[in-house]
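Q: Can you read through this structure? Questions will come right after.
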Amino acid sequence: MADDLKHTTGEATFLDANEIVLNMGPQHPATHGVLRVILKLDGEKIIGTECVIGYLHRGVEKIGENRTYVQFNPYVDRLDYVASVSNGLGYCEAVEKLLSVTAPPRAQTVRVILTELNRIASHLIWLGTHALDIGAMTPLFYTFNQREDILKIYENYCGARLTTHAFRIGGLQYDLYQGFEQQVKKFCDEMPAKVDEYEQLLTTNRIWVARTQGVGVLTAEDAIEFGVTGPMLRAAGVKWDIRKAIPYENYADFEFDIPTGKNGDTYDRYLVRMEEMRQARRIIQQAVDRIPDGPIMAKVPKVVKPPAGEVYHSIEAPKGELGYFIVSDGGLQPYRLRIRPPSFVNLQALDRMVRGSLVADVVAVIGTIDIVLGEVDR
Amino acid sequence: MPPITLAALKPYIMMVLIVGIGPLGVGYLVLLERKLMADMQARLGPMRVGPQGLLQPIADAVKLLLKEDVIPGMVDKWVFWLAPCVTVTTALAAFAVVPFSSDFVITDVNIGVLAILALSSVGVLGIILGGWAANSHYPLLGSLRATAQMVSYEVVMGFAVVAVLLMAGSLSMVEIVKAQAESHRWFLFGAFPFGLIAFFMYYVAAMAETNRSPFDLPEAESELVAGFMTEYSGFRWALYFLAEYCNIIVVCSLAVTLFLGGWLRPFPSVTWLGWLDYAAPVGSFLLAGGLSLYLVKRQPRAFDQIVLAAVGLALLAVAGLFAWPAFNALFRGVFWFMAKIMVLVYSFMWVRFTFPRYRYDQLMRLGWRVMIPLGIVNVIAIGIVLVLKG
Amino acid sequence: MAEEKKPDPTVPPSAPPKPAAAAPPKPAAQPWDDELARRVRERFRSAIKDSLTYLGQNYFVVDAASITSICGYLKHEEEFNYLVDVTAVDYPKREKRFELVYILYSFPRNTRVRVKASIAENEPIDSVTPVWQTANWLEREVYDMFGIRFAGHPDLKRILLPDGWQGHPLRKDYSILKQDEQWVQENLHIESGQ
C-alpha cells in the first residue's frame with residue numbers, strides 16, 4: 001500500500017497525472033480531530049489510502065512510567081476523552097487486579113451505571129458527528145442536547161463533565177449524591193423517545209440508507225484478522241462482547257443482549273450502536289434499582305505498591321476492547337504501562353474498508369469507525 | 001429620444017434597487033436560514049448583534065469586506081479574480097426578466113425563460129473557473145462535481161420547463177403568468193397530474209442547480225472542506241455566497257412564475273376571495289410588526305429596543321400602506337410573488353436541515369436514470385393531454 | 001493450513017471461565033501446566049522456555065527465533081485467531097534487553113494467552129504480520145517506541161512520532177524530559193518543546 005503511494009507523494013502535481021493525491025486532514029472537518037489520510041484517487045475513486053497519525057501524541061505510556069499508580073489515574077481520562085469514565089474503569093480494574101483487590105459491591109454497581117451512561121454519551125457523539133459527516137446536520141444538536149443530561153449527572157457526581165476521574169483504585173472516592181437515582185431514572189425514561197426520534201430521522205431515510213448500506217463492508221473474517229473489536233466486530237456478525245465473554249465488575253448480574261449485524265457495513269454498525277444504547281439503558285435501569293448499601297472503597301493501602309508481576313486487563317469500551325497491560329516491579333510507579341486502544345486498532349482497517357469506493361465514503365467510514373484521536377495517538 | 005418619464009425610468013430604478021438592495025436581502029435570507037436552522041435544531045441562532053440578532057447580516061458583511069484579501073500563491077490570479085465576478089454577475093442579471101408583478105418587470109423579453117436558463121449555465125462557468133484557478137485539489141474536485149451535476153440537472157430542469165411551455169405556449173415570463181390567469185389555474189395543476197410531476201422535477205433540479213443540500217456536493221463541507229470555495233476568503237468568498245443565494249431566489253421566482261401563478265393571488269379567478277388581496281399583506285405585516293413591538297420589552301439593551309421598535313413601527317406602516325387601495329393595487333402582485341418565493345425558500349431550507357447528502361454517483365444515477373426518463377415521459381404525456389383537450 | 005478448523009466467528013463464546021484470580025494471591029508466577037501448555041510444549045520443545053501463570057493469566061516464554069511459527073501454530077491449530085496487542089518491555093540490565101509481549105485471544109475458547117520473547121538490542125525479530133494483519137500498526141508502534149526491528153514487516157516506519165525523530169521514547173534510558181531538540185528546532189522553530 002505504502003509503496004504504491006511513495007512515488008505519488010513526491011513533487012508531481014495533479015495536472016500531469018491521471019491520479020491525484022489528496023491530503024485529507026489533519027485539518028479537515030470530517031477527520032474527527034487530527035487524523036490525516038493520504039488518499040490516492042483516480043477521479044473520485046480511491047485506489048489507496050495511508051493514515052498518518054501521531055499529531056496528538058503525548059507519550060501517555062511514558063508518563064505512566066513516571067507517575068505513581070494513583071497519579072496516573074486522571075491521565076487515562078485524556079485518552080478517549082468522550083468516554084473518560086470507561087478509560088478510568090479499565091485502568092482502576094487493571095491495577096486492582098494487580099493488587100488482588102476487588103471493589104465492594106456498591107462501588108461496582110455505581111461503576112456500572114456511570115460506565116453505561118458513558119457508553120450512551122459516547123454513542124450519542126458518534127451518532128451526531130457521523131450524521132453530520134454524511135450531511136444530516138440536525139441530529140448533532142439533538143444528540144448533544146441529550147448528552148448534556150448525562151454530563152450533568154457526572155457533574156453532580158464528581159464535579160467534572162468531560163475528564164471525570166470518577167473512579168479510584170479500589171472503588172470510589174465519592175458516595176452518590178442525593179437524587180442520583182431519580183436523575184438517572186429520569187434520563188432512562190426520557191431516552192427511548194429521543195432515540196426513536198433519531199431513528200425516525202435516519203433509519204428509513206432513503207438517502208441515509210443509500211449512503212450507508214454496502215459502504216465500508218468489513219466481513220467477520222476480516223474484522224478478526226484486523227483485530228477490530230466493539231460495535232464494528234458485532235456488526236459483522238460476531239456476537240462477542242467482553243462484558244459477556246469475560247465479565248468484569250458485576251456485569252454478569254445484569255440482563256442485556258448483544259446486538260449484532262449481518263453485513264458488516266456502515267448501516268449495520270449504525271443499527272448495532274443504536275441498539276447498544278438501548279441495551280445500556282436496560283443495564284442502567286436494572287442497576288439503579290438495586291444499588292447495594294455498604295462501603296464504596298476496598299481496603300487499599302495508602303501507598304499503592306503492587307507486587308512485582310504483570311497483568312493484562314481489558315474492558316468493553318464504547319469503541320471496542322480497551323486493554324491495560326501493566327508490568328510492576330514492586331515499586332511505586334508502573335514499570336511499563338501499555339494501553340491497548342480500540343480506536344488505534346480499528347482505524348487500521350480503514351484501508352480495507354474504503355479501497356475502491358468514493359471520497360464521500362471515506363468520510364462515512366471514518367465516522368463509522370468512531371475514532372477519537374486522543375486514543376489513537378495517546 | 002423618448003421623453004424621460006417615470007414609466008421610462010422604472011426599469012433603471014428597479015435595476016438600481018435590485019443591485020443595491022439585493023445583497024442586503026441576501027444577508028437577511030442568510031439570517032432567516034440561520035434562524036430557521038436554529039429553531040429546528042433546538043437552539044436560538046444569532047442573538048447578539050442587534051435585537052434578536054437582526055443586525056447580524058450587516059456585521060457579517062462588514063467583517064467580510066474588511067477581511068484581508070488573501071490570494072494564495074499558486075493560483076491563476078486573473079481567473080481567480082474573474083470567477084466570482086462571473087458567477088455574481090449572471091446571478092444578478094437573471095433578475096432582469098423576473099416579473100415581480102405585471103407592473104414591476106425590468107424587461108419582458110419574449111425568451112425570458114431561456115434567458116434565465118442560459119444565465120444559470122454561464123454562472124456554472126464561474127464555479128468551474130474558480131475551482132480550476134485555485135490550483136488546489138479540493139476546489140478542483142468541487143468544481144468537477146459542480147460541472148457534472150449542473151450539466152445533468154439542467155437537462156432535468158429543461159424538461160420540467162418544457163412541460164410548462166407546452167401549456168403556456170410562450171417563452172415570455174409575463175405571458176406565462178397571463179396564460180395561467182386565463183386558464184384559471186396554476187400550471188402546477190395544469191394537465192393534472194403531469195403539471196405536478198413537472199413541478200416536482202423542477203424542484204429537485206432547482207435544488208441541485210443551486211447546490212443545496214441534499215445535492216450540495218460541490219461544497220460538501222465534510223468531504224471537500226468548502227469545495228470550489230475552499231481557497232476563497234473575504235470579499236471574493238462573499239461574492240460567491242451572494243451569487244448562491246441570488247440563484248436560490250432566481251430559481252424560486254422561476255418556479256413561482258412557471259408553476260405557482262407568479263404575482264396572481266391564490267385562486268385568481270374566484271372573485272369572492274378578493275378580500276385576500278387586502279387581508280393577507282395587511283395581516284402578515286401587522287403580525288410581524290406586532291411581534292416586533294411585543295419583543296421590544298425583552299431586549300436587554302436600549303439600542304436594541306430602539307431598533308426593534310423602529311422595525312416594528314415600519315412594519316405597521318407597511319401594513320397601513322397595504323390598506324390603502326392605490327398602494328395595494330400597485331404592490332399586491334409583488335407581495336404575492338414574494339410570499340410564494342418565501343414559501344419555496346422555506347421548503348428548500350427545511351429539506352436542507354432534514355436530509356443527509358447524496359453521494360456523487362447516486363446523484364448522477366438519480367439524474368440520468370430516474371429524472372430524465374421521467375421528464376421525457378412527462379413531456380409526451382402533457383402533449384397528449386393537451387392535444388386531446390384540443 | 002487447517003482450513004476446516006477455522007472457527008465459525010458467529011458462534012457465541014462458551015460460558016466464561018471463572019477467573020482463577022479468586023485464589024489467594026501468590027507473590028510470583030506459577031508454572032502453567034494444562035492441556036494447551038503441554039501440547040504447545042511438546043510441539044515446539046526447546047523453543048518454549050517456560051509456561052507460567054500469574055493472577056490467572058497464562059503466558060509462554062518462547063525463543064524469539066521461532067516466534068512466527070509458534071504464533072502461526074497458535075492461530076491456525078489452537079484457534080487463537082485474534083491478536084489483541086503487541087508490545088514490548090525494556091529491561092536494560094538484562095542480557096537480552098527487550099521483552100516482546102504478544103497478547104492473543106481465542107474466540108472459540110474464550111481465553112487469552114500471552115507469548116513473550118526476549119531479544120537483545122539491534123537484534124531483529126520476525127514480524128507476525130503474515131499471521132495477523134493487525135500486527136502491522138502494532139509492530140510499527142513498537143518499532144517507533146523501542147527501536148525494535150521486525151524482519152519481514154511490509155512497511156516498518158515510525159507511526160506516532162514524526163519521521164525524522166531521533167531516539168525511541170519508551171526505552172528506559174530515554175528520560176521523560178528528553179526530546180529530539182534538533183528536530184524541534186528545525187520543524188517547530190522553537191528552542192525546546194518542554
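Each chain in the C-alpha cells gets a letter, A, B and so on, in the order shown; residues start at 1 in every chain, and ligands are counted from 1 in the order they appear.
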Using DSSP on the backbone, list every residue of stretch 6-184 of chain C that comes out as alpha helix (DSSP H), and give them as an NGL selection string.
A: :C and (35-44 or 67-76 or 135-146 or 181-183)
Q: Output the selection as a compact mmCIF listing (two decimals), in the first residue's frame - N, CA and C atoms for each residue.
A:
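The new file selection-v4.txt reads:
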# COMPACT_ATOMS: atom_id res chain seq x y z
N GLU C 35 -3.61 -28.73 29.33
CA GLU C 35 -3.50 -29.45 28.07
C GLU C 35 -2.85 -28.60 26.97
N LEU C 36 -3.31 -27.35 26.91
CA LEU C 36 -2.80 -26.46 25.87
C LEU C 36 -1.30 -26.27 26.03
N ALA C 37 -0.91 -25.96 27.28
CA ALA C 37 0.51 -25.72 27.53
C ALA C 37 1.32 -26.94 27.15
N ARG C 38 0.79 -28.11 27.51
CA ARG C 38 1.54 -29.33 27.23
C ARG C 38 1.65 -29.56 25.72
N ARG C 39 0.52 -29.35 25.04
CA ARG C 39 0.54 -29.55 23.58
C ARG C 39 1.58 -28.66 22.92
N VAL C 40 1.54 -27.39 23.31
CA VAL C 40 2.47 -26.44 22.68
C VAL C 40 3.90 -26.80 23.03
N ARG C 41 4.12 -27.20 24.29
CA ARG C 41 5.49 -27.56 24.69
C ARG C 41 5.99 -28.76 23.91
N GLU C 42 5.11 -29.73 23.75
CA GLU C 42 5.52 -30.91 23.01
C GLU C 42 5.84 -30.58 21.57
N ARG C 43 5.03 -29.72 21.03
CA ARG C 43 5.19 -29.39 19.61
C ARG C 43 6.50 -28.63 19.38
N PHE C 44 6.79 -27.69 20.24
CA PHE C 44 7.96 -26.84 19.97
C PHE C 44 9.16 -27.14 20.87
N ILE C 67 9.30 -17.25 16.85
CA ILE C 67 8.06 -16.57 17.22
C ILE C 67 6.99 -16.73 16.14
N THR C 68 7.39 -16.61 14.88
CA THR C 68 6.38 -16.68 13.82
C THR C 68 5.75 -18.05 13.74
N SER C 69 6.57 -19.10 13.88
CA SER C 69 5.98 -20.42 13.76
C SER C 69 5.09 -20.72 14.97
N ILE C 70 5.50 -20.27 16.14
CA ILE C 70 4.66 -20.52 17.32
C ILE C 70 3.34 -19.77 17.17
N CYS C 71 3.43 -18.50 16.75
CA CYS C 71 2.20 -17.72 16.59
C CYS C 71 1.33 -18.34 15.51
N GLY C 72 1.97 -18.78 14.41
CA GLY C 72 1.20 -19.41 13.35
C GLY C 72 0.49 -20.65 13.86
N TYR C 73 1.20 -21.43 14.66
CA TYR C 73 0.59 -22.64 15.22
C TYR C 73 -0.58 -22.27 16.12
N LEU C 74 -0.33 -21.29 17.00
CA LEU C 74 -1.40 -20.91 17.94
C LEU C 74 -2.62 -20.40 17.18
N LYS C 75 -2.38 -19.69 16.08
CA LYS C 75 -3.53 -19.16 15.35
C LYS C 75 -4.27 -20.27 14.62
N HIS C 76 -3.54 -21.07 13.87
CA HIS C 76 -4.22 -21.98 12.96
C HIS C 76 -4.62 -23.28 13.63
N ALA C 135 -1.02 -6.96 13.25
CA ALA C 135 0.31 -6.71 13.77
C ALA C 135 0.99 -5.55 13.06
N ASN C 136 0.49 -5.17 11.88
CA ASN C 136 1.14 -4.13 11.10
C ASN C 136 1.37 -2.86 11.92
N TRP C 137 0.33 -2.25 12.34
CA TRP C 137 0.48 -0.99 13.08
C TRP C 137 1.06 -1.22 14.47
N LEU C 138 0.68 -2.34 15.07
CA LEU C 138 1.16 -2.59 16.43
C LEU C 138 2.68 -2.73 16.44
N GLU C 139 3.21 -3.44 15.44
CA GLU C 139 4.66 -3.58 15.37
C GLU C 139 5.33 -2.27 15.00
N ARG C 140 4.66 -1.50 14.16
CA ARG C 140 5.23 -0.20 13.84
C ARG C 140 5.34 0.65 15.11
N GLU C 141 4.35 0.55 15.96
CA GLU C 141 4.41 1.34 17.19
C GLU C 141 5.55 0.85 18.08
N VAL C 142 5.72 -0.46 18.15
CA VAL C 142 6.81 -0.99 18.96
C VAL C 142 8.15 -0.51 18.38
N TYR C 143 8.25 -0.53 17.07
CA TYR C 143 9.48 -0.03 16.43
C TYR C 143 9.69 1.43 16.77
N ASP C 144 8.62 2.20 16.71
CA ASP C 144 8.69 3.63 16.96
C ASP C 144 9.14 3.90 18.39
N MET C 145 8.59 3.15 19.32
CA MET C 145 8.81 3.45 20.73
C MET C 145 10.06 2.77 21.30
N PHE C 146 10.45 1.63 20.71
CA PHE C 146 11.58 0.89 21.29
C PHE C 146 12.73 0.71 20.31
N GLU C 181 15.85 17.60 20.25
CA GLU C 181 15.87 19.06 20.17
C GLU C 181 16.14 19.56 18.76
N GLN C 182 16.98 18.81 18.07
CA GLN C 182 17.28 19.25 16.72
C GLN C 182 16.01 19.24 15.85
N TRP C 183 15.24 18.19 16.01
CA TRP C 183 14.00 18.09 15.24
C TRP C 183 13.06 19.23 15.62
Q: Please, which residues in chain B fall within 12 Å of chain A when counting only C-alpha atoms, and what is the closest atom pair and distance in Å to one decimal for each, ordered by chain then residue number, as CSV?
A:
residue,atom,partner,partner_atom,distance
B:Leu36,CA,A:Thr138,CA,11.5
B:Met37,CA,A:Thr138,CA,8.2
B:Ala38,CA,A:Thr138,CA,9.2
B:Asp39,CA,A:Thr138,CA,10.4
B:Met40,CA,A:Thr138,CA,7.5
B:Gln41,CA,A:Thr138,CA,5.7
B:Ala42,CA,A:Phe141,CA,7.2
B:Arg43,CA,A:Phe141,CA,8.3
B:Leu44,CA,A:Phe141,CA,11.7
B:Met74,CA,A:Thr13,CA,11.6
B:Trp132,CA,A:Leu15,CA,10.6
B:Asn135,CA,A:Leu15,CA,9.1
B:Ser136,CA,A:Phe14,CA,8.9
B:His137,CA,A:Leu22,CA,6.5
B:Tyr138,CA,A:Leu22,CA,7.8
B:Pro139,CA,A:Leu22,CA,11.3
B:Leu140,CA,A:Phe14,CA,10.0
B:Leu141,CA,A:Glu44,CA,7.8
B:Gly142,CA,A:Glu44,CA,10.5
B:Leu144,CA,A:Gly43,CA,9.4
B:Arg145,CA,A:Glu44,CA,9.5
B:Arg212,CA,A:Gly135,CA,11.1
B:Ser213,CA,A:Gly135,CA,7.7
B:Pro214,CA,A:Gly135,CA,7.4
B:Phe215,CA,A:Gly135,CA,9.7
B:Asp216,CA,A:Gly135,CA,8.9
B:Leu217,CA,A:Ala360,CA,9.2
B:Pro218,CA,A:Ala360,CA,11.6
B:Glu219,CA,A:Gly135,CA,11.1
B:Ala220,CA,A:Gly135,CA,7.8
B:Glu221,CA,A:Pro29,CA,6.9
B:Ser222,CA,A:Ala30,CA,5.0
B:Glu223,CA,A:Ala360,CA,5.9
B:Leu224,CA,A:His28,CA,8.6
B:Val225,CA,A:Pro29,CA,6.4
B:Ala226,CA,A:Pro29,CA,9.6
B:Thr230,CA,A:His28,CA,11.4
B:Met349,CA,A:Thr138,CA,12.0
B:Trp350,CA,A:Thr138,CA,10.6
B:Val351,CA,A:Ala136,CA,10.0
B:Arg352,CA,A:Ala136,CA,8.0
B:Phe353,CA,A:Thr138,CA,5.9
B:Thr354,CA,A:Ala136,CA,6.2
B:Phe355,CA,A:Ala136,CA,5.3
B:Pro356,CA,A:Ala136,CA,4.0
B:Arg357,CA,A:Gly135,CA,4.6
B:Tyr358,CA,A:Ile207,CA,6.1
B:Arg359,CA,A:Ala360,CA,6.3
B:Tyr360,CA,A:Ala360,CA,7.8
B:Asp361,CA,A:Leu358,CA,8.6
B:Gln362,CA,A:Ala210,CA,8.0
B:Leu363,CA,A:Ile207,CA,10.2
B:Arg365,CA,A:Ala210,CA,11.9
B:Leu366,CA,A:Ile207,CA,11.3
Q: Please dump the current selection as a short mmCIF file (atom, residue, chain, number, x, y, z; two decimals), in the first residue's frame; keep C-alpha atoms.
A:
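Contents of out_15.cif, freshly written:
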data_model
loop_
_atom_site.label_atom_id
_atom_site.label_comp_id
_atom_site.auth_asym_id
_atom_site.auth_seq_id
_atom_site.Cartn_x
_atom_site.Cartn_y
_atom_site.Cartn_z
CA LEU B 36 -34.79 28.58 10.94
CA MET B 37 -31.95 26.13 11.30
CA ALA B 38 -31.52 27.12 14.91
CA ASP B 39 -35.22 26.69 15.51
CA MET B 40 -35.25 23.20 14.03
CA GLN B 41 -32.14 22.27 15.97
CA ALA B 42 -33.46 23.38 19.34
CA ARG B 43 -31.27 26.44 19.74
CA LEU B 44 -31.53 30.19 19.27
CA MET B 74 -0.12 29.23 -6.64
CA TRP B 132 -9.68 25.44 -11.54
CA ASN B 135 -4.86 25.18 -8.26
CA SER B 136 -5.70 23.02 -5.33
CA HIS B 137 -7.24 19.58 -5.03
CA TYR B 138 -10.37 20.21 -3.06
CA PRO B 139 -11.58 23.09 -5.25
CA LEU B 140 -10.77 21.07 -8.35
CA LEU B 141 -12.84 18.11 -7.17
CA GLY B 142 -15.57 20.51 -6.12
CA LEU B 144 -15.69 18.95 -11.32
CA ARG B 145 -18.59 17.78 -9.24
CA ARG B 212 -28.50 22.99 -1.90
CA SER B 213 -28.49 20.01 0.41
CA PRO B 214 -29.06 17.12 -0.23
CA PHE B 215 -27.33 17.95 -3.51
CA ASP B 216 -24.65 20.23 -2.09
CA LEU B 217 -21.84 18.02 -3.31
CA PRO B 218 -19.69 20.76 -4.87
CA GLU B 219 -19.27 22.34 -1.48
CA ALA B 220 -19.87 19.36 0.78
CA GLU B 221 -18.10 20.64 3.84
CA SER B 222 -17.50 17.27 5.42
CA GLU B 223 -15.90 15.87 2.29
CA LEU B 224 -14.36 18.67 0.26
CA VAL B 225 -13.97 21.24 3.05
CA ALA B 226 -15.71 24.01 1.06
CA THR B 230 -12.00 26.43 -0.35
CA MET B 349 -34.17 25.20 3.91
CA TRP B 350 -36.35 22.65 5.58
CA VAL B 351 -35.06 19.98 3.24
CA ARG B 352 -31.53 21.09 3.91
CA PHE B 353 -31.82 20.65 7.65
CA THR B 354 -33.50 17.30 7.38
CA PHE B 355 -31.72 15.17 4.84
CA PRO B 356 -28.24 13.74 4.58
CA ARG B 357 -26.23 14.33 1.45
CA TYR B 358 -26.30 12.17 -1.65
CA ARG B 359 -23.14 10.61 -2.90
CA TYR B 360 -21.81 11.75 -6.25
CA ASP B 361 -22.60 8.56 -8.15
CA GLN B 362 -26.04 8.31 -6.56
CA LEU B 363 -26.78 11.85 -7.61
CA ARG B 365 -27.83 7.92 -11.18
CA LEU B 366 -30.86 9.78 -9.89
#
Q: Hey, what's within 8 Å of A:Glu321 if we count only C-alpha atoms and toss same-chain stuff fewer than 3 positions away? As a list in words, please?
A: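 Using only C-alpha atoms, the neighbours found are Thr229, Gly230, Ile242, Ser314, Ile315, Glu316, Ala317, Arg340, Pro341 and Pro342 of chain A.
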Q: Limited to N, CA and C atoms, could you put the picked residues into a file as a PDB file, in the first residue's frame?
A:
ATOM      1  N   THR A 229     -12.591  -4.604  17.076  1.00  0.00           N
ATOM      2  CA  THR A 229     -13.464  -5.022  18.175  1.00  0.00           C
ATOM      3  C   THR A 229     -14.614  -4.032  18.328  1.00  0.00           C
ATOM      4  N   GLY A 230     -15.438  -4.309  19.287  1.00  0.00           N
ATOM      5  CA  GLY A 230     -16.541  -3.400  19.590  1.00  0.00           C
ATOM      6  C   GLY A 230     -17.668  -3.506  18.587  1.00  0.00           C
ATOM      7  N   ILE A 242     -16.986  -8.165  25.619  1.00  0.00           N
ATOM      8  CA  ILE A 242     -16.201  -8.574  26.787  1.00  0.00           C
ATOM      9  C   ILE A 242     -17.074  -8.595  28.044  1.00  0.00           C
ATOM     10  N   SER A 314      -8.773  -6.024  30.238  1.00  0.00           N
ATOM     11  CA  SER A 314      -9.440  -5.215  29.230  1.00  0.00           C
ATOM     12  C   SER A 314     -10.922  -5.131  29.528  1.00  0.00           C
ATOM     13  N   ILE A 315     -11.509  -4.056  29.069  1.00  0.00           N
ATOM     14  CA  ILE A 315     -12.941  -3.877  29.234  1.00  0.00           C
ATOM     15  C   ILE A 315     -13.551  -3.560  27.882  1.00  0.00           C
ATOM     16  N   GLU A 316     -14.860  -3.636  27.831  1.00  0.00           N
ATOM     17  CA  GLU A 316     -15.574  -3.291  26.606  1.00  0.00           C
ATOM     18  C   GLU A 316     -15.863  -1.799  26.660  1.00  0.00           C
ATOM     19  N   ALA A 317     -14.972  -1.024  26.084  1.00  0.00           N
ATOM     20  CA  ALA A 317     -15.200   0.419  25.998  1.00  0.00           C
ATOM     21  C   ALA A 317     -16.194   0.663  24.857  1.00  0.00           C
ATOM     22  N   ARG A 340      -3.916  -0.620  25.308  1.00  0.00           N
ATOM     23  CA  ARG A 340      -4.345  -1.195  24.028  1.00  0.00           C
ATOM     24  C   ARG A 340      -5.593  -0.442  23.585  1.00  0.00           C
ATOM     25  N   PRO A 341      -5.417   0.528  22.681  1.00  0.00           N
ATOM     26  CA  PRO A 341      -6.536   1.385  22.341  1.00  0.00           C
ATOM     27  C   PRO A 341      -7.404   0.799  21.246  1.00  0.00           C
ATOM     28  N   PRO A 342      -8.704   0.745  21.440  1.00  0.00           N
ATOM     29  CA  PRO A 342      -9.566   0.201  20.386  1.00  0.00           C
ATOM     30  C   PRO A 342      -9.544   1.046  19.118  1.00  0.00           C
TER      31      PRO A 342
END
Q: Which residues come within 12 Å of stretch 170-178 of chain A, counting only C-alpha atoms, excluding same-chain residues fewer than 6 positions away, as a PyMOL selection string?
A: chain A and resi 69-70+73+88-89+91-114+153-159+184+249+288+291-302+304
Q: May I ask which of the residues A:Ile53, A:Ala160, A:Ile46, A:Leu347 is the closest one to chain C, counting only C-alpha atoms?
A: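 Under the stated criterion, the closest residue is A:Ile53.
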Q: Taking only C-alpha atoms into account, which of B:Ala255, B:Ile4, B:Gly195, B:Pro84 comes nearest B:Ile128?
A: B:Pro84
Q: I want to know what sits within 12 Å of B:Leu17, based on only C-alpha atoms, with residues of the same chain fewer than 4 positions away left out; could you give that as a PyMOL selection string?
A: chain B and resi 10-13+21-25+92+95-96+104+106
Q: Print the selection's residues with C-alpha atoms to a file, as a short mmCIF file (atom, residue, chain, number, x, y, z; two decimals), in the first residue's frame.
A:
data_model
loop_
_atom_site.label_atom_id
_atom_site.label_comp_id
_atom_site.auth_asym_id
_atom_site.auth_seq_id
_atom_site.Cartn_x
_atom_site.Cartn_y
_atom_site.Cartn_z
CA LYS B 10 -38.82 52.46 -13.94
CA PRO B 11 -36.56 49.66 -15.27
CA TYR B 12 -33.48 51.65 -14.30
CA ILE B 13 -34.82 52.35 -10.84
CA ILE B 21 -30.83 46.09 -2.01
CA GLY B 22 -30.20 42.60 -3.34
CA PRO B 23 -27.09 41.94 -1.27
CA LEU B 24 -28.84 43.19 1.84
CA GLY B 25 -31.78 40.95 1.04
CA LEU B 92 -27.92 39.31 -10.65
CA PHE B 95 -33.38 39.28 -12.29
CA ALA B 96 -33.77 41.32 -15.47
CA PHE B 104 -42.65 45.52 -11.98
CA ILE B 106 -37.32 45.25 -15.87
#
Q: If the cut-off is 8 Å, can you tell me the residues of chain A near chain C, counting only C-alpha atoms? I'd like them as a PyMOL selection string.
A: chain A and resi 2+52-55+57+61-63+66+97-98+100+220-221+224-227+237-240+244-247+307-312+336+338+340+345+348+377
Q: Within 6 Å of A:Gly216, counting only C-alpha atoms, which residues show up once you throw out same-chain ones fewer than 2 positions away? Write them as a list of chain:residue names, please.
A: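 Skipping anything fewer than 2 positions along the chain leaves A:Asp265, A:Thr266, A:Met353, A:Val354, A:Val365.
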